[in-house]
file protein.pdb (PDB, N, CA, C and O atoms)
ATOM      1  N   MET A   1       0.833  -1.171   0.000
ATOM      2  CA  MET A   1       0.000   0.000   0.000
ATOM      3  C   MET A   1       0.883   1.240   0.000
ATOM      4  O   MET A   1       1.856   1.328   0.722
ATOM      5  N   SER A   2       0.522   2.216  -0.789
ATOM      6  CA  SER A   2       1.307   3.442  -0.928
ATOM      7  C   SER A   2       1.093   4.371   0.266
ATOM      8  O   SER A   2       0.000   4.459   0.821
ATOM      9  N   THR A   3       2.132   5.079   0.648
ATOM     10  CA  THR A   3       2.013   6.049   1.741
ATOM     11  C   THR A   3       1.745   7.454   1.226
ATOM     12  O   THR A   3       1.580   8.374   2.007
ATOM     13  N   VAL A   4       1.713   7.611  -0.084
ATOM     14  CA  VAL A   4       1.429   8.915  -0.675
ATOM     15  C   VAL A   4      -0.077   9.167  -0.594
ATOM     16  O   VAL A   4      -0.871   8.334  -1.031
ATOM     17  N   PRO A   5      -0.489  10.298  -0.017
ATOM     18  CA  PRO A   5      -1.927  10.568   0.078
ATOM     19  C   PRO A   5      -2.542  10.807  -1.295
ATOM     20  O   PRO A   5      -1.892  11.324  -2.201
ATOM     21  N   TRP A   6      -3.795  10.418  -1.418
ATOM     22  CA  TRP A   6      -4.512  10.595  -2.673
ATOM     23  C   TRP A   6      -4.756  12.076  -2.898
ATOM     24  O   TRP A   6      -5.242  12.786  -2.028
ATOM     25  N   ALA A   7      -4.419  12.576  -4.069
ATOM     26  CA  ALA A   7      -4.538  14.004  -4.379
ATOM     27  C   ALA A   7      -5.656  14.286  -5.371
ATOM     28  O   ALA A   7      -5.677  15.323  -6.011
ATOM     29  N   GLY A   8      -6.578  13.365  -5.521
ATOM     30  CA  GLY A   8      -7.683  13.569  -6.452
ATOM     31  C   GLY A   8      -7.461  12.800  -7.742
ATOM     32  O   GLY A   8      -6.497  12.047  -7.875
ATOM     33  N   PRO A   9      -8.356  12.994  -8.694
ATOM     34  CA  PRO A   9      -8.235  12.253  -9.948
ATOM     35  C   PRO A   9      -6.995  12.690 -10.728
ATOM     36  O   PRO A   9      -6.489  13.795 -10.555
ATOM     37  N   GLU A  10      -6.548  11.811 -11.595
ATOM     38  CA  GLU A  10      -5.347  12.090 -12.370
ATOM     39  C   GLU A  10      -5.663  12.815 -13.676
ATOM     40  O   GLU A  10      -4.771  13.054 -14.467
ATOM     41  N   PHE A  11      -6.893  13.154 -13.924
ATOM     42  CA  PHE A  11      -7.259  13.886 -15.122
ATOM     43  C   PHE A  11      -7.682  15.293 -14.722
ATOM     44  O   PHE A  11      -7.982  15.564 -13.575
ATOM     45  N   ASP A  12      -7.656  16.166 -15.703
ATOM     46  CA  ASP A  12      -8.085  17.532 -15.448
ATOM     47  C   ASP A  12      -9.048  17.926 -16.547
ATOM     48  O   ASP A  12      -8.640  18.197 -17.678
ATOM     49  N   ASP A  13     -10.315  17.898 -16.232
ATOM     50  CA  ASP A  13     -11.347  18.297 -17.180
ATOM     51  C   ASP A  13     -11.987  19.568 -16.650
ATOM     52  O   ASP A  13     -12.774  19.527 -15.705
ATOM     53  N   PRO A  14     -11.658  20.713 -17.229
ATOM     54  CA  PRO A  14     -12.185  21.986 -16.720
ATOM     55  C   PRO A  14     -13.708  22.043 -16.695
ATOM     56  O   PRO A  14     -14.289  22.631 -15.792
ATOM     57  N   ALA A  15     -14.368  21.425 -17.655
ATOM     58  CA  ALA A  15     -15.834  21.456 -17.690
ATOM     59  C   ALA A  15     -16.416  20.692 -16.504
ATOM     60  O   ALA A  15     -17.380  21.152 -15.877
ATOM     61  N   LEU A  16     -15.847  19.526 -16.191
ATOM     62  CA  LEU A  16     -16.340  18.753 -15.047
ATOM     63  C   LEU A  16     -16.030  19.457 -13.732
ATOM     64  O   LEU A  16     -16.844  19.442 -12.810
ATOM     65  N   THR A  17     -14.868  20.074 -13.655
ATOM     66  CA  THR A  17     -14.506  20.821 -12.454
ATOM     67  C   THR A  17     -15.473  21.984 -12.245
ATOM     68  O   THR A  17     -15.941  22.218 -11.135
ATOM     69  N   GLN A  18     -15.796  22.690 -13.310
ATOM     70  CA  GLN A  18     -16.743  23.807 -13.225
ATOM     71  C   GLN A  18     -18.130  23.311 -12.810
ATOM     72  O   GLN A  18     -18.789  23.922 -11.966
ATOM     73  N   LEU A  19     -18.570  22.212 -13.396
ATOM     74  CA  LEU A  19     -19.869  21.640 -13.040
ATOM     75  C   LEU A  19     -19.901  21.251 -11.567
ATOM     76  O   LEU A  19     -20.871  21.547 -10.854
ATOM     77  N   ALA A  20     -18.847  20.632 -11.093
ATOM     78  CA  ALA A  20     -18.785  20.235  -9.681
ATOM     79  C   ALA A  20     -18.850  21.455  -8.771
ATOM     80  O   ALA A  20     -19.549  21.453  -7.749
ATOM     81  N   ARG A  21     -18.133  22.503  -9.124
ATOM     82  CA  ARG A  21     -18.158  23.725  -8.303
ATOM     83  C   ARG A  21     -19.533  24.373  -8.310
ATOM     84  O   ARG A  21     -20.014  24.849  -7.281
ATOM     85  N   GLN A  22     -20.179  24.388  -9.473
ATOM     86  CA  GLN A  22     -21.519  24.975  -9.558
ATOM     87  C   GLN A  22     -22.522  24.166  -8.733
ATOM     88  O   GLN A  22     -23.393  24.742  -8.080
ATOM     89  N   LEU A  23     -22.410  22.848  -8.775
ATOM     90  CA  LEU A  23     -23.290  22.009  -7.962
ATOM     91  C   LEU A  23     -23.051  22.254  -6.477
ATOM     92  O   LEU A  23     -24.002  22.379  -5.703
ATOM     93  N   ARG A  24     -21.799  22.346  -6.079
ATOM     94  CA  ARG A  24     -21.468  22.633  -4.678
ATOM     95  C   ARG A  24     -22.060  23.981  -4.257
ATOM     96  O   ARG A  24     -22.690  24.096  -3.201
ATOM     97  N   ASP A  25     -21.894  24.997  -5.088
ATOM     98  CA  ASP A  25     -22.416  26.325  -4.769
ATOM     99  C   ASP A  25     -23.941  26.336  -4.720
ATOM    100  O   ASP A  25     -24.539  27.015  -3.891
ATOM    101  N   ALA A  26     -24.572  25.570  -5.605
ATOM    102  CA  ALA A  26     -26.029  25.486  -5.598
ATOM    103  C   ALA A  26     -26.522  24.837  -4.305
ATOM    104  O   ALA A  26     -27.493  25.298  -3.702
ATOM    105  N   HIS A  27     -25.848  23.778  -3.863
ATOM    106  CA  HIS A  27     -26.228  23.135  -2.601
ATOM    107  C   HIS A  27     -26.061  24.109  -1.433
ATOM    108  O   HIS A  27     -26.893  24.154  -0.526
ATOM    109  N   ARG A  28     -25.002  24.893  -1.462
ATOM    110  CA  ARG A  28     -24.786  25.880  -0.404
ATOM    111  C   ARG A  28     -25.859  26.963  -0.419
ATOM    112  O   ARG A  28     -26.275  27.446   0.633
ATOM    113  N   ALA A  29     -26.317  27.351  -1.603
ATOM    114  CA  ALA A  29     -27.350  28.381  -1.702
ATOM    115  C   ALA A  29     -28.699  27.877  -1.201
ATOM    116  O   ALA A  29     -29.492  28.638  -0.638
ATOM    117  N   VAL A  30     -28.949  26.592  -1.378
ATOM    118  CA  VAL A  30     -30.225  25.992  -0.980
ATOM    119  C   VAL A  30     -30.254  25.688   0.521
ATOM    120  O   VAL A  30     -31.313  25.718   1.147
ATOM    121  N   ALA A  31     -29.112  25.431   1.111
ATOM    122  CA  ALA A  31     -29.029  24.976   2.505
ATOM    123  C   ALA A  31     -29.761  25.855   3.516
ATOM    124  O   ALA A  31     -30.415  25.319   4.417
ATOM    125  N   PRO A  32     -29.706  27.180   3.451
ATOM    126  CA  PRO A  32     -30.365  27.983   4.492
ATOM    127  C   PRO A  32     -31.870  28.189   4.307
ATOM    128  O   PRO A  32     -32.502  28.839   5.131
ATOM    129  N   LEU A  33     -32.452  27.626   3.285
ATOM    130  CA  LEU A  33     -33.878  27.817   3.019
ATOM    131  C   LEU A  33     -34.732  27.012   4.005
ATOM    132  O   LEU A  33     -34.255  26.069   4.628
ATOM    133  N   PRO A  34     -36.019  27.372   4.112
ATOM    134  CA  PRO A  34     -36.933  26.591   4.966
ATOM    135  C   PRO A  34     -36.967  25.123   4.529
ATOM    136  O   PRO A  34     -36.772  24.814   3.346
ATOM    137  N   ALA A  35     -37.237  24.257   5.470
ATOM    138  CA  ALA A  35     -37.118  22.808   5.246
ATOM    139  C   ALA A  35     -37.909  22.300   4.046
ATOM    140  O   ALA A  35     -37.374  21.529   3.238
ATOM    141  N   ASP A  36     -39.171  22.693   3.892
ATOM    142  CA  ASP A  36     -39.966  22.152   2.787
ATOM    143  C   ASP A  36     -39.422  22.588   1.432
ATOM    144  O   ASP A  36     -39.330  21.796   0.504
ATOM    145  N   THR A  37     -39.035  23.835   1.319
ATOM    146  CA  THR A  37     -38.456  24.336   0.072
ATOM    147  C   THR A  37     -37.100  23.701  -0.173
ATOM    148  O   THR A  37     -36.784  23.266  -1.289
ATOM    149  N   ARG A  38     -36.288  23.629   0.866
ATOM    150  CA  ARG A  38     -34.942  23.073   0.758
ATOM    151  C   ARG A  38     -34.991  21.616   0.287
ATOM    152  O   ARG A  38     -34.244  21.224  -0.604
ATOM    153  N   GLN A  39     -35.872  20.818   0.856
ATOM    154  CA  GLN A  39     -35.952  19.404   0.490
ATOM    155  C   GLN A  39     -36.306  19.226  -0.979
ATOM    156  O   GLN A  39     -35.723  18.401  -1.674
ATOM    157  N   ARG A  40     -37.249  20.016  -1.453
ATOM    158  CA  ARG A  40     -37.663  19.933  -2.860
ATOM    159  C   ARG A  40     -36.505  20.296  -3.785
ATOM    160  O   ARG A  40     -36.231  19.593  -4.762
ATOM    161  N   LEU A  41     -35.803  21.371  -3.456
ATOM    162  CA  LEU A  41     -34.707  21.824  -4.300
ATOM    163  C   LEU A  41     -33.503  20.880  -4.233
ATOM    164  O   LEU A  41     -32.834  20.643  -5.246
ATOM    165  N   ILE A  42     -33.240  20.319  -3.075
ATOM    166  CA  ILE A  42     -32.121  19.374  -2.955
ATOM    167  C   ILE A  42     -32.401  18.106  -3.758
ATOM    168  O   ILE A  42     -31.495  17.569  -4.396
ATOM    169  N   ARG A  43     -33.638  17.644  -3.778
ATOM    170  CA  ARG A  43     -33.970  16.479  -4.607
ATOM    171  C   ARG A  43     -33.673  16.774  -6.075
ATOM    172  O   ARG A  43     -33.143  15.930  -6.802
ATOM    173  N   HIS A  44     -34.000  17.982  -6.505
ATOM    174  CA  HIS A  44     -33.724  18.375  -7.882
ATOM    175  C   HIS A  44     -32.207  18.402  -8.136
ATOM    176  O   HIS A  44     -31.730  17.897  -9.153
ATOM    177  N   LEU A  45     -31.452  18.971  -7.197
ATOM    178  CA  LEU A  45     -30.000  19.017  -7.353
ATOM    179  C   LEU A  45     -29.380  17.618  -7.346
ATOM    180  O   LEU A  45     -28.424  17.356  -8.086
ATOM    181  N   LEU A  46     -29.908  16.727  -6.543
ATOM    182  CA  LEU A  46     -29.391  15.360  -6.521
ATOM    183  C   LEU A  46     -29.654  14.640  -7.842
ATOM    184  O   LEU A  46     -28.825  13.862  -8.311
ATOM    185  N   ALA A  47     -30.797  14.925  -8.458
ATOM    186  CA  ALA A  47     -31.083  14.349  -9.771
ATOM    187  C   ALA A  47     -30.090  14.873 -10.807
ATOM    188  O   ALA A  47     -29.600  14.114 -11.658
ATOM    189  N   ILE A  48     -29.767  16.156 -10.734
ATOM    190  CA  ILE A  48     -28.777  16.729 -11.653
ATOM    191  C   ILE A  48     -27.404  16.124 -11.386
ATOM    192  O   ILE A  48     -26.659  15.802 -12.321
ATOM    193  N   THR A  49     -27.064  15.948 -10.126
ATOM    194  CA  THR A  49     -25.773  15.351  -9.768
ATOM    195  C   THR A  49     -25.677  13.930 -10.311
ATOM    196  O   THR A  49     -24.643  13.536 -10.861
ATOM    197  N   ASP A  50     -26.739  13.165 -10.186
ATOM    198  CA  ASP A  50     -26.745  11.799 -10.705
ATOM    199  C   ASP A  50     -26.616  11.812 -12.229
ATOM    200  O   ASP A  50     -25.886  11.002 -12.802
ATOM    201  N   LEU A  51     -27.300  12.730 -12.889
ATOM    202  CA  LEU A  51     -27.216  12.839 -14.338
ATOM    203  C   LEU A  51     -25.792  13.172 -14.780
ATOM    204  O   LEU A  51     -25.331  12.698 -15.822
ATOM    205  N   ALA A  52     -25.087  13.951 -13.990
ATOM    206  CA  ALA A  52     -23.719  14.355 -14.336
ATOM    207  C   ALA A  52     -22.793  13.150 -14.481
ATOM    208  O   ALA A  52     -21.803  13.215 -15.211
ATOM    209  N   LYS A  53     -23.108  12.067 -13.819
ATOM    210  CA  LYS A  53     -22.286  10.858 -13.925
ATOM    211  C   LYS A  53     -22.381  10.238 -15.314
ATOM    212  O   LYS A  53     -21.445   9.605 -15.787
ATOM    213  N   ARG A  54     -23.522  10.403 -15.964
ATOM    214  CA  ARG A  54     -23.761   9.793 -17.271
ATOM    215  C   ARG A  54     -23.640  10.781 -18.427
ATOM    216  O   ARG A  54     -23.172  10.420 -19.502
ATOM    217  N   ASP A  55     -24.111  12.017 -18.217
ATOM    218  CA  ASP A  55     -24.124  13.010 -19.295
ATOM    219  C   ASP A  55     -23.831  14.388 -18.708
ATOM    220  O   ASP A  55     -24.754  15.154 -18.405
ATOM    221  N   PRO A  56     -22.564  14.715 -18.539
ATOM    222  CA  PRO A  56     -22.209  15.983 -17.895
ATOM    223  C   PRO A  56     -22.702  17.212 -18.663
ATOM    224  O   PRO A  56     -23.044  18.221 -18.060
ATOM    225  N   GLY A  57     -22.754  17.133 -19.970
ATOM    226  CA  GLY A  57     -23.228  18.271 -20.753
ATOM    227  C   GLY A  57     -24.683  18.584 -20.472
ATOM    228  O   GLY A  57     -25.061  19.750 -20.270
ATOM    229  N   LEU A  58     -25.508  17.551 -20.460
ATOM    230  CA  LEU A  58     -26.924  17.727 -20.159
ATOM    231  C   LEU A  58     -27.107  18.189 -18.715
ATOM    232  O   LEU A  58     -27.927  19.058 -18.427
ATOM    233  N   ALA A  59     -26.322  17.638 -17.817
ATOM    234  CA  ALA A  59     -26.408  18.045 -16.410
ATOM    235  C   ALA A  59     -26.059  19.524 -16.257
ATOM    236  O   ALA A  59     -26.713  20.246 -15.502
ATOM    237  N   ALA A  60     -25.055  19.987 -16.986
ATOM    238  CA  ALA A  60     -24.668  21.401 -16.922
ATOM    239  C   ALA A  60     -25.804  22.292 -17.418
ATOM    240  O   ALA A  60     -26.090  23.338 -16.820
ATOM    241  N   ARG A  61     -26.464  21.883 -18.481
ATOM    242  CA  ARG A  61     -27.595  22.673 -19.006
ATOM    243  C   ARG A  61     -28.759  22.680 -18.017
ATOM    244  O   ARG A  61     -29.401  23.713 -17.799
ATOM    245  N   ARG A  62     -29.036  21.530 -17.418
ATOM    246  CA  ARG A  62     -30.130  21.479 -16.435
ATOM    247  C   ARG A  62     -29.796  22.292 -15.192
ATOM    248  O   ARG A  62     -30.669  22.944 -14.617
ATOM    249  N   LEU A  63     -28.538  22.276 -14.774
ATOM    250  CA  LEU A  63     -28.141  23.079 -13.627
ATOM    251  C   LEU A  63     -28.262  24.564 -13.948
ATOM    252  O   LEU A  63     -28.706  25.344 -13.111
ATOM    253  N   GLU A  64     -27.898  24.952 -15.151
ATOM    254  CA  GLU A  64     -28.032  26.345 -15.571
ATOM    255  C   GLU A  64     -29.495  26.784 -15.499
ATOM    256  O   GLU A  64     -29.807  27.862 -14.991
ATOM    257  N   THR A  65     -30.398  25.937 -15.967
ATOM    258  CA  THR A  65     -31.830  26.236 -15.901
ATOM    259  C   THR A  65     -32.301  26.290 -14.456
ATOM    260  O   THR A  65     -33.055  27.182 -14.067
ATOM    261  N   PHE A  66     -31.856  25.332 -13.647
ATOM    262  CA  PHE A  66     -32.217  25.310 -12.231
ATOM    263  C   PHE A  66     -31.792  26.610 -11.554
ATOM    264  O   PHE A  66     -32.558  27.228 -10.823
ATOM    265  N   LEU A  67     -30.542  27.037 -11.783
ATOM    266  CA  LEU A  67     -30.030  28.247 -11.139
ATOM    267  C   LEU A  67     -30.777  29.489 -11.603
ATOM    268  O   LEU A  67     -31.058  30.388 -10.800
ATOM    269  N   ALA A  68     -31.116  29.553 -12.883
ATOM    270  CA  ALA A  68     -31.880  30.698 -13.392
ATOM    271  C   ALA A  68     -33.247  30.760 -12.707
ATOM    272  O   ALA A  68     -33.675  31.827 -12.260
ATOM    273  N   ASP A  69     -33.916  29.623 -12.609
ATOM    274  CA  ASP A  69     -35.225  29.578 -11.940
ATOM    275  C   ASP A  69     -35.082  29.890 -10.450
ATOM    276  O   ASP A  69     -35.916  30.586  -9.870
ATOM    277  N   PHE A  70     -34.040  29.379  -9.840
ATOM    278  CA  PHE A  70     -33.810  29.590  -8.412
ATOM    279  C   PHE A  70     -33.632  31.075  -8.118
ATOM    280  O   PHE A  70     -34.223  31.601  -7.169
ATOM    281  N   HIS A  71     -32.843  31.761  -8.907
ATOM    282  CA  HIS A  71     -32.572  33.173  -8.659
ATOM    283  C   HIS A  71     -33.760  34.072  -8.993
ATOM    284  O   HIS A  71     -33.877  35.169  -8.456
ATOM    285  N   GLU A  72     -34.642  33.618  -9.857
ATOM    286  CA  GLU A  72     -35.824  34.399 -10.222
ATOM    287  C   GLU A  72     -37.001  34.159  -9.302
ATOM    288  O   GLU A  72     -37.926  34.960  -9.256
ATOM    289  N   SER A  73     -36.999  33.068  -8.567
ATOM    290  CA  SER A  73     -38.144  32.684  -7.749
ATOM    291  C   SER A  73     -38.267  33.577  -6.513
ATOM    292  O   SER A  73     -37.304  33.726  -5.754
ATOM    293  N   PRO A  74     -39.432  34.160  -6.292
ATOM    294  CA  PRO A  74     -39.606  35.031  -5.126
ATOM    295  C   PRO A  74     -39.672  34.287  -3.793
ATOM    296  O   PRO A  74     -39.411  34.869  -2.752
ATOM    297  N   ASP A  75     -39.978  32.988  -3.801
ATOM    298  CA  ASP A  75     -40.159  32.254  -2.547
ATOM    299  C   ASP A  75     -38.861  31.714  -1.958
ATOM    300  O   ASP A  75     -38.879  31.078  -0.921
ATOM    301  N   VAL A  76     -37.722  31.980  -2.592
ATOM    302  CA  VAL A  76     -36.463  31.480  -2.058
ATOM    303  C   VAL A  76     -35.624  32.600  -1.459
ATOM    304  O   VAL A  76     -34.494  32.390  -1.061
ATOM    305  N   GLY A  77     -36.173  33.770  -1.363
ATOM    306  CA  GLY A  77     -35.544  34.868  -0.669
ATOM    307  C   GLY A  77     -34.357  35.397  -1.357
ATOM    308  O   GLY A  77     -33.508  36.042  -0.930
TER     309      GLY A  77
END
call {"tool": "encode", "arguments": {"input": "protein.pdb", "output": "structure tokens"}}
result
Amino acid sequence: MSTVPWAGPEFDDPALTQLARQLRDAHRAVAPLPADTRQRLIRHLLAITDLAKRDPGLAARRLETFLADFHESPDVG
């Protein structure tokens, strides 16, 4: 067994890195919302996260739509 700590994946895909950061930021934006709203939005984000495993391009487009709707919605403060 190697004593060198794992430093992450050995590839560098800027698009996947950007998608991961956007998903992380979206989860952080949803976290302080009221429980019922937060649960609904987190389920949506988890579906996008799961989609990213199979089709990152489609997941990025869906996340973009999610974020646009999220920022326009009056009930999310």
call {"tool": "select_by_dssp", "arguments": {"input": "protein.pdb", "residues": "chain A", "states": "helix (DSSP H, G or I)", "output": "PyMOL selection string"}}
result
chain A and resi 14-30+35-54+56-72+74-76
call {"tool": "atom_distance", "arguments": {"input": "protein.pdb", "atom1": "atom CA of Ala52 of chain A", "atom2": "atom CA of Leu23 of chain A"}}
result
10.0 Å
call {"tool": "closest_residue", "arguments": {"input": "protein.pdb", "among": "A:Arg21, A:Lys53, A:His44, A:His27", "to": "Phe66 of chain A", "atoms": "only C-alpha atoms"}}
result
A:His44
call {"tool": "atom_distance", "arguments": {"input": "protein.pdb", "atom1": "atom C of Leu16 of chain A", "atom2": "atom C of Ala59 of chain A"}}
result
10.3 Å
call {"tool": "atom_distance", "arguments": {"input": "protein.pdb", "atom1": "atom O of Ala47 of chain A", "atom2": "atom CA of Ala60 of chain A"}}
result
10.3 Å
call {"tool": "axis_aligned_box", "arguments": {"input": "protein.pdb", "around": "segment 56-69 of chain A", "padding_each_side": "4 Å", "output": "AutoDock Vina command-line options"}}
result
--center_x -29.1 --center_y 23.3 --center_z -15.3 --size_x 21.7 --size_y 25.1 --size_z 18.9
call {"tool": "residues_around", "arguments": {"input": "protein.pdb", "residues": "Ile48 of chain A", "least_positions_apart": "6", "cutoff": "12 Å", "atoms": "only C-alpha atoms", "output": "NGL selection string"}}
result
:A and (19-20 or 22-24 or 26-27 or 41-42 or 54-67)
call {"tool": "closest_residue", "arguments": {"input": "protein.pdb", "among": "A:Phe11, A:Thr17, A:Leu45, A:Glu72", "to": "Val30 of chain A", "atoms": "only C-alpha atoms"}}
result
A:Leu45
call {"tool": "decode", "arguments": {"input": "protein.pdb", "residues": "segment 42-62 of chain A", "atoms": "N, CA and C atoms", "output": "mmCIF file, in the first residue's frame"}}
result
data_model
loop_
_atom_site.group_PDB
_atom_site.id
_atom_site.type_symbol
_atom_site.label_atom_id
_atom_site.label_comp_id
_atom_site.auth_asym_id
_atom_site.auth_seq_id
_atom_site.Cartn_x
_atom_site.Cartn_y
_atom_site.Cartn_z
ATOM 1 N N ILE A 42 -33.240 20.319 -3.075
ATOM 2 C CA ILE A 42 -32.121 19.374 -2.955
ATOM 3 C C ILE A 42 -32.401 18.106 -3.758
ATOM 4 N N ARG A 43 -33.638 17.644 -3.778
ATOM 5 C CA ARG A 43 -33.970 16.479 -4.607
ATOM 6 C C ARG A 43 -33.673 16.774 -6.075
ATOM 7 N N HIS A 44 -34.000 17.982 -6.505
ATOM 8 C CA HIS A 44 -33.724 18.375 -7.882
ATOM 9 C C HIS A 44 -32.207 18.402 -8.136
ATOM 10 N N LEU A 45 -31.452 18.971 -7.197
ATOM 11 C CA LEU A 45 -30.000 19.017 -7.353
ATOM 12 C C LEU A 45 -29.380 17.618 -7.346
ATOM 13 N N LEU A 46 -29.908 16.727 -6.543
ATOM 14 C CA LEU A 46 -29.391 15.360 -6.521
ATOM 15 C C LEU A 46 -29.654 14.640 -7.842
ATOM 16 N N ALA A 47 -30.797 14.925 -8.458
ATOM 17 C CA ALA A 47 -31.083 14.349 -9.771
ATOM 18 C C ALA A 47 -30.090 14.873 -10.807
ATOM 19 N N ILE A 48 -29.767 16.156 -10.734
ATOM 20 C CA ILE A 48 -28.777 16.729 -11.653
ATOM 21 C C ILE A 48 -27.404 16.124 -11.386
ATOM 22 N N THR A 49 -27.064 15.948 -10.126
ATOM 23 C CA THR A 49 -25.773 15.351 -9.768
ATOM 24 C C THR A 49 -25.677 13.930 -10.311
ATOM 25 N N ASP A 50 -26.739 13.165 -10.186
ATOM 26 C CA ASP A 50 -26.745 11.799 -10.705
ATOM 27 C C ASP A 50 -26.616 11.812 -12.229
ATOM 28 N N LEU A 51 -27.300 12.730 -12.889
ATOM 29 C CA LEU A 51 -27.216 12.839 -14.338
ATOM 30 C C LEU A 51 -25.792 13.172 -14.780
ATOM 31 N N ALA A 52 -25.087 13.951 -13.990
ATOM 32 C CA ALA A 52 -23.719 14.355 -14.336
ATOM 33 C C ALA A 52 -22.793 13.150 -14.481
ATOM 34 N N LYS A 53 -23.108 12.067 -13.819
ATOM 35 C CA LYS A 53 -22.286 10.858 -13.925
ATOM 36 C C LYS A 53 -22.381 10.238 -15.314
ATOM 37 N N ARG A 54 -23.522 10.403 -15.964
ATOM 38 C CA ARG A 54 -23.761 9.793 -17.271
ATOM 39 C C ARG A 54 -23.640 10.781 -18.427
ATOM 40 N N ASP A 55 -24.111 12.017 -18.217
ATOM 41 C CA ASP A 55 -24.124 13.010 -19.295
ATOM 42 C C ASP A 55 -23.831 14.388 -18.708
ATOM 43 N N PRO A 56 -22.564 14.715 -18.539
ATOM 44 C CA PRO A 56 -22.209 15.983 -17.895
ATOM 45 C C PRO A 56 -22.702 17.212 -18.663
ATOM 46 N N GLY A 57 -22.754 17.133 -19.970
ATOM 47 C CA GLY A 57 -23.228 18.271 -20.753
ATOM 48 C C GLY A 57 -24.683 18.584 -20.472
ATOM 49 N N LEU A 58 -25.508 17.551 -20.460
ATOM 50 C CA LEU A 58 -26.924 17.727 -20.159
ATOM 51 C C LEU A 58 -27.107 18.189 -18.715
ATOM 52 N N ALA A 59 -26.322 17.638 -17.817
ATOM 53 C CA ALA A 59 -26.408 18.045 -16.410
ATOM 54 C C ALA A 59 -26.059 19.524 -16.257
ATOM 55 N N ALA A 60 -25.055 19.987 -16.986
ATOM 56 C CA ALA A 60 -24.668 21.401 -16.922
ATOM 57 C C ALA A 60 -25.804 22.292 -17.418
ATOM 58 N N ARG A 61 -26.464 21.883 -18.481
ATOM 59 C CA ARG A 61 -27.595 22.673 -19.006
ATOM 60 C C ARG A 61 -28.759 22.680 -18.017
ATOM 61 N N ARG A 62 -29.036 21.530 -17.418
ATOM 62 C CA ARG A 62 -30.130 21.479 -16.435
ATOM 63 C C ARG A 62 -29.796 22.292 -15.192
#
